[in-house]
Amino acid sequence: MEKDYTASYKYFENRDCKYYPCHKSEHINCLFCYCPLYSKDCPGNYKMIETSGGKMVKSCMDCLFPHNIDNYDRIIEILSK
C-alpha cells in the first residue's frame, strides 16, 4: 500500500523552507519541525552529546521519528501523557 503524502492534518511537507531537507530522507513531515518530543523520552534515534561546557544535551540530528508520516498518532499519544 502506497503512502499518501498529500497535505493533511497528519502530514505537511514544506519544500520552500530554507532548511529543507533538514534530514536525509525522501519525504519529510515538517508538521513537527521543532520536535515536540525534545523534552520527552522520544522513541526515535536521538543521542546525548556533551557540550564544550560539559553539559549533556539531546542531539536529534539522526532522528527521523517526528518526520515520518506513520508516527503522527504515536507523537500525539506521547504528548498527551
# chains A, B, ... in the order shown; residues from 1 in each chain; ligands from 1
>>> residues_around(residues="range 18-26 of chain A", least_positions_apart="3", cutoff="12 Å", atoms="only C-alpha atoms", output="PDB file with all heavy atoms, in the first residue's frame")
ATOM      1  N   TYR A   5       1.162  11.187   0.621  1.00  0.00           N
ATOM      2  CA  TYR A   5       1.989  12.304   1.064  1.00  0.00           C
ATOM      3  C   TYR A   5       1.373  13.656   0.704  1.00  0.00           C
ATOM      4  O   TYR A   5       2.077  14.639   0.540  1.00  0.00           O
ATOM      5  CB  TYR A   5       3.393  12.200   0.460  1.00  0.00           C
ATOM      6  CG  TYR A   5       4.186  11.049   1.017  1.00  0.00           C
ATOM      7  CD1 TYR A   5       4.401   9.897   0.268  1.00  0.00           C
ATOM      8  CD2 TYR A   5       4.713  11.112   2.296  1.00  0.00           C
ATOM      9  CE1 TYR A   5       5.128   8.847   0.779  1.00  0.00           C
ATOM     10  CE2 TYR A   5       5.444  10.062   2.817  1.00  0.00           C
ATOM     11  CZ  TYR A   5       5.657   8.932   2.051  1.00  0.00           C
ATOM     12  OH  TYR A   5       6.378   7.892   2.569  1.00  0.00           O
ATOM     13  N   GLU A  13       4.600  18.882   4.085  1.00  0.00           N
ATOM     14  CA  GLU A  13       5.987  18.950   3.625  1.00  0.00           C
ATOM     15  C   GLU A  13       6.241  20.335   3.034  1.00  0.00           C
ATOM     16  O   GLU A  13       5.589  20.735   2.073  1.00  0.00           O
ATOM     17  CB  GLU A  13       6.231  17.867   2.568  1.00  0.00           C
ATOM     18  CG  GLU A  13       7.677  17.650   2.256  1.00  0.00           C
ATOM     19  CD  GLU A  13       7.887  16.391   1.428  1.00  0.00           C
ATOM     20  OE1 GLU A  13       6.905  15.710   1.057  1.00  0.00           O
ATOM     21  OE2 GLU A  13       9.044  16.078   1.157  1.00  0.00           O
ATOM     22  N   ASN A  14       7.174  21.080   3.640  1.00  0.00           N
ATOM     23  CA  ASN A  14       7.461  22.450   3.206  1.00  0.00           C
ATOM     24  C   ASN A  14       8.763  22.494   2.404  1.00  0.00           C
ATOM     25  O   ASN A  14       9.826  22.804   2.925  1.00  0.00           O
ATOM     26  CB  ASN A  14       7.553  23.379   4.421  1.00  0.00           C
ATOM     27  CG  ASN A  14       7.758  24.815   4.025  1.00  0.00           C
ATOM     28  OD1 ASN A  14       7.715  25.156   2.849  1.00  0.00           O
ATOM     29  ND2 ASN A  14       7.982  25.672   5.001  1.00  0.00           N
ATOM     30  N   ARG A  15       8.660  22.202   1.136  1.00  0.00           N
ATOM     31  CA  ARG A  15       9.844  22.182   0.275  1.00  0.00           C
ATOM     32  C   ARG A  15      10.403  23.577   0.006  1.00  0.00           C
ATOM     33  O   ARG A  15      11.521  23.705  -0.485  1.00  0.00           O
ATOM     34  CB  ARG A  15       9.522  21.479  -1.031  1.00  0.00           C
ATOM     35  CG  ARG A  15       9.285  19.991  -0.838  1.00  0.00           C
ATOM     36  CD  ARG A  15       8.985  19.288  -2.149  1.00  0.00           C
ATOM     37  NE  ARG A  15       8.818  17.864  -1.921  1.00  0.00           N
ATOM     38  CZ  ARG A  15       9.783  16.973  -2.147  1.00  0.00           C
ATOM     39  NH1 ARG A  15      10.947  17.358  -2.580  1.00  0.00           N
ATOM     40  NH2 ARG A  15       9.556  15.696  -1.907  1.00  0.00           N
ATOM     41  N   ASN A  29       8.099  14.920   7.003  1.00  0.00           N
ATOM     42  CA  ASN A  29       6.916  15.571   7.563  1.00  0.00           C
ATOM     43  C   ASN A  29       7.382  16.778   8.363  1.00  0.00           C
ATOM     44  O   ASN A  29       8.005  16.647   9.411  1.00  0.00           O
ATOM     45  CB  ASN A  29       6.145  14.591   8.458  1.00  0.00           C
ATOM     46  CG  ASN A  29       4.815  15.157   8.897  1.00  0.00           C
ATOM     47  OD1 ASN A  29       4.466  16.292   8.587  1.00  0.00           O
ATOM     48  ND2 ASN A  29       4.061  14.361   9.613  1.00  0.00           N
ATOM     49  N   CYS A  30       7.076  17.968   7.885  1.00  0.00           N
ATOM     50  CA  CYS A  30       7.514  19.208   8.518  1.00  0.00           C
ATOM     51  C   CYS A  30       6.540  19.678   9.595  1.00  0.00           C
ATOM     52  O   CYS A  30       6.773  20.709  10.230  1.00  0.00           O
ATOM     53  CB  CYS A  30       7.671  20.300   7.465  1.00  0.00           C
ATOM     54  SG  CYS A  30       8.842  19.872   6.152  1.00  0.00           S
ATOM     55  N   PHE A  32       6.056  18.621  12.511  1.00  0.00           N
ATOM     56  CA  PHE A  32       6.758  18.701  13.791  1.00  0.00           C
ATOM     57  C   PHE A  32       8.195  19.161  13.555  1.00  0.00           C
ATOM     58  O   PHE A  32       9.146  18.532  14.005  1.00  0.00           O
ATOM     59  CB  PHE A  32       6.737  17.336  14.486  1.00  0.00           C
ATOM     60  CG  PHE A  32       5.364  16.836  14.795  1.00  0.00           C
ATOM     61  CD1 PHE A  32       4.860  15.715  14.158  1.00  0.00           C
ATOM     62  CD2 PHE A  32       4.563  17.496  15.708  1.00  0.00           C
ATOM     63  CE1 PHE A  32       3.595  15.245  14.445  1.00  0.00           C
ATOM     64  CE2 PHE A  32       3.292  17.037  15.999  1.00  0.00           C
ATOM     65  CZ  PHE A  32       2.805  15.909  15.366  1.00  0.00           C
ATOM     66  N   CYS A  33       8.355  20.272  12.889  1.00  0.00           N
ATOM     67  CA  CYS A  33       9.672  20.798  12.534  1.00  0.00           C
ATOM     68  C   CYS A  33      10.568  20.904  13.764  1.00  0.00           C
ATOM     69  O   CYS A  33      11.656  20.371  13.785  1.00  0.00           O
ATOM     70  CB  CYS A  33       9.510  22.150  11.865  1.00  0.00           C
ATOM     71  SG  CYS A  33      11.062  22.977  11.499  1.00  0.00           S
ATOM     72  N   TYR A  34      10.128  21.607  14.760  1.00  0.00           N
ATOM     73  CA  TYR A  34      10.859  21.657  16.029  1.00  0.00           C
ATOM     74  C   TYR A  34      10.234  20.593  16.908  1.00  0.00           C
ATOM     75  O   TYR A  34       9.111  20.730  17.376  1.00  0.00           O
ATOM     76  CB  TYR A  34      10.781  23.042  16.669  1.00  0.00           C
ATOM     77  CG  TYR A  34      11.553  24.048  15.867  1.00  0.00           C
ATOM     78  CD1 TYR A  34      10.922  24.859  14.941  1.00  0.00           C
ATOM     79  CD2 TYR A  34      12.921  24.159  16.021  1.00  0.00           C
ATOM     80  CE1 TYR A  34      11.640  25.771  14.196  1.00  0.00           C
ATOM     81  CE2 TYR A  34      13.653  25.065  15.273  1.00  0.00           C
ATOM     82  CZ  TYR A  34      12.998  25.868  14.363  1.00  0.00           C
ATOM     83  OH  TYR A  34      13.717  26.766  13.629  1.00  0.00           O
ATOM     84  N   CYS A  60      19.277  15.508  17.984  1.00  0.00           N
ATOM     85  CA  CYS A  60      18.280  14.850  17.134  1.00  0.00           C
ATOM     86  C   CYS A  60      18.714  14.811  15.669  1.00  0.00           C
ATOM     87  O   CYS A  60      17.899  14.570  14.782  1.00  0.00           O
ATOM     88  CB  CYS A  60      16.943  15.576  17.281  1.00  0.00           C
ATOM     89  SG  CYS A  60      16.378  15.707  18.984  1.00  0.00           S
ATOM     90  N   MET A  61      19.982  15.050  15.417  1.00  0.00           N
ATOM     91  CA  MET A  61      20.493  15.123  14.044  1.00  0.00           C
ATOM     92  C   MET A  61      20.168  13.882  13.220  1.00  0.00           C
ATOM     93  O   MET A  61      19.882  13.981  12.042  1.00  0.00           O
ATOM     94  CB  MET A  61      22.008  15.345  14.053  1.00  0.00           C
ATOM     95  CG  MET A  61      22.427  16.687  14.605  1.00  0.00           C
ATOM     96  SD  MET A  61      22.095  18.041  13.484  1.00  0.00           S
ATOM     97  CE  MET A  61      23.175  17.644  12.147  1.00  0.00           C
ATOM     98  N   ASP A  62      20.219  12.707  13.821  1.00  0.00           N
ATOM     99  CA  ASP A  62      19.998  11.461  13.087  1.00  0.00           C
ATOM    100  C   ASP A  62      18.596  10.889  13.292  1.00  0.00           C
ATOM    101  O   ASP A  62      18.318   9.769  12.886  1.00  0.00           O
ATOM    102  CB  ASP A  62      21.032  10.415  13.502  1.00  0.00           C
ATOM    103  CG  ASP A  62      22.447  10.844  13.149  1.00  0.00           C
ATOM    104  OD1 ASP A  62      22.629  11.488  12.108  1.00  0.00           O
ATOM    105  OD2 ASP A  62      23.363  10.541  13.934  1.00  0.00           O
ATOM    106  N   CYS A  63      17.715  11.662  13.928  1.00  0.00           N
ATOM    107  CA  CYS A  63      16.384  11.164  14.259  1.00  0.00           C
ATOM    108  C   CYS A  63      15.353  11.605  13.219  1.00  0.00           C
ATOM    109  O   CYS A  63      15.207  12.791  12.941  1.00  0.00           O
ATOM    110  CB  CYS A  63      15.954  11.652  15.639  1.00  0.00           C
ATOM    111  SG  CYS A  63      14.338  11.041  16.153  1.00  0.00           S
ATOM    112  N   LEU A  64      14.642  10.649  12.676  1.00  0.00           N
ATOM    113  CA  LEU A  64      13.578  10.944  11.715  1.00  0.00           C
ATOM    114  C   LEU A  64      12.191  10.657  12.282  1.00  0.00           C
ATOM    115  O   LEU A  64      11.194  10.808  11.585  1.00  0.00           O
ATOM    116  CB  LEU A  64      13.778  10.111  10.443  1.00  0.00           C
ATOM    117  CG  LEU A  64      14.968  10.496   9.582  1.00  0.00           C
ATOM    118  CD1 LEU A  64      15.181   9.480   8.473  1.00  0.00           C
ATOM    119  CD2 LEU A  64      14.775  11.879   9.002  1.00  0.00           C
ATOM    120  N   PHE A  65      12.120  10.258  13.550  1.00  0.00           N
ATOM    121  CA  PHE A  65      10.845   9.843  14.134  1.00  0.00           C
ATOM    122  C   PHE A  65       9.722  10.868  13.925  1.00  0.00           C
ATOM    123  O   PHE A  65       8.659  10.502  13.426  1.00  0.00           O
ATOM    124  CB  PHE A  65      11.016   9.514  15.621  1.00  0.00           C
ATOM    125  CG  PHE A  65       9.784   8.918  16.222  1.00  0.00           C
ATOM    126  CD1 PHE A  65       9.507   7.569  16.071  1.00  0.00           C
ATOM    127  CD2 PHE A  65       8.885   9.698  16.926  1.00  0.00           C
ATOM    128  CE1 PHE A  65       8.360   7.007  16.607  1.00  0.00           C
ATOM    129  CE2 PHE A  65       7.738   9.153  17.464  1.00  0.00           C
ATOM    130  CZ  PHE A  65       7.471   7.809  17.309  1.00  0.00           C
ATOM    131  N   PRO A  66       9.881  12.145  14.266  1.00  0.00           N
ATOM    132  CA  PRO A  66       8.765  13.082  14.088  1.00  0.00           C
ATOM    133  C   PRO A  66       8.507  13.446  12.626  1.00  0.00           C
ATOM    134  O   PRO A  66       7.477  14.021  12.301  1.00  0.00           O
ATOM    135  CB  PRO A  66       9.183  14.313  14.886  1.00  0.00           C
ATOM    136  CG  PRO A  66      10.655  14.252  14.910  1.00  0.00           C
ATOM    137  CD  PRO A  66      11.016  12.782  14.911  1.00  0.00           C
ATOM    138  N   HIS A  67       9.422  13.101  11.749  1.00  0.00           N
ATOM    139  CA  HIS A  67       9.281  13.436  10.326  1.00  0.00           C
ATOM    140  C   HIS A  67       8.672  12.307   9.504  1.00  0.00           C
ATOM    141  O   HIS A  67       8.490  12.447   8.297  1.00  0.00           O
ATOM    142  CB  HIS A  67      10.638  13.828   9.741  1.00  0.00           C
ATOM    143  CG  HIS A  67      11.246  15.015  10.413  1.00  0.00           C
ATOM    144  ND1 HIS A  67      10.694  16.270  10.329  1.00  0.00           N
ATOM    145  CD2 HIS A  67      12.350  15.129  11.185  1.00  0.00           C
ATOM    146  CE1 HIS A  67      11.438  17.111  11.021  1.00  0.00           C
ATOM    147  NE2 HIS A  67      12.441  16.450  11.547  1.00  0.00           N
ATOM    148  N   ASN A  68       8.381  11.192  10.144  1.00  0.00           N
ATOM    149  CA  ASN A  68       7.805  10.040   9.460  1.00  0.00           C
ATOM    150  C   ASN A  68       6.278  10.107   9.545  1.00  0.00           C
ATOM    151  O   ASN A  68       5.717  10.209  10.631  1.00  0.00           O
ATOM    152  CB  ASN A  68       8.321   8.750  10.104  1.00  0.00           C
ATOM    153  CG  ASN A  68       7.858   7.506   9.399  1.00  0.00           C
ATOM    154  OD1 ASN A  68       6.719   7.416   8.947  1.00  0.00           O
ATOM    155  ND2 ASN A  68       8.741   6.536   9.317  1.00  0.00           N
ATOM    156  N   ILE A  69       5.621  10.036   8.413  1.00  0.00           N
ATOM    157  CA  ILE A  69       4.157  10.156   8.343  1.00  0.00           C
ATOM    158  C   ILE A  69       3.438   9.125   9.218  1.00  0.00           C
ATOM    159  O   ILE A  69       2.361   9.390   9.741  1.00  0.00           O
ATOM    160  CB  ILE A  69       3.678  10.063   6.878  1.00  0.00           C
ATOM    161  CG1 ILE A  69       2.209  10.485   6.757  1.00  0.00           C
ATOM    162  CG2 ILE A  69       3.913   8.689   6.309  1.00  0.00           C
ATOM    163  CD1 ILE A  69       1.731  10.628   5.332  1.00  0.00           C
TER     164      ILE A  69
END
>>> select_by_dssp(residues="chain A", states="strand (DSSP E)", output="ChimeraX atom specification")
/A:47-50,56-59
>>> write_last_selection(atoms="C-alpha atoms", output="mmCIF file, in the first residue's frame")
data_model
loop_
_atom_site.group_PDB
_atom_site.id
_atom_site.type_symbol
_atom_site.label_atom_id
_atom_site.label_comp_id
_atom_site.auth_asym_id
_atom_site.auth_seq_id
_atom_site.Cartn_x
_atom_site.Cartn_y
_atom_site.Cartn_z
ATOM 1 C CA LYS A 47 21.862 10.720 21.074
ATOM 2 C CA MET A 48 23.047 12.502 24.192
ATOM 3 C CA ILE A 49 26.143 14.596 23.481
ATOM 4 C CA GLU A 50 28.370 16.660 25.732
ATOM 5 C CA MET A 56 24.699 16.788 28.258
ATOM 6 C CA VAL A 57 22.122 17.735 25.597
ATOM 7 C CA LYS A 58 19.897 15.755 23.280
ATOM 8 C CA SER A 59 21.006 15.652 19.635
#
>>> select_by_dssp(residues="chain A", states="helix (DSSP H, G or I)", output="ChimeraX atom specification")
/A:30-32,65-67,69-79
>>> atom_distance(atom1="CA of Tyr46 in chain A", atom2="CA of Asn71 in chain A")
15.4 Å
>>> atom_distance(atom1="CA of Ser8 in chain A", atom2="CA of Ser80 in chain A")
20.6 Å
>>> closest_residue(among="A:Thr6, A:Gly44, A:Lys55, A:Ile28", to="Arg74 in chain A", atoms="only C-alpha atoms")
A:Gly44
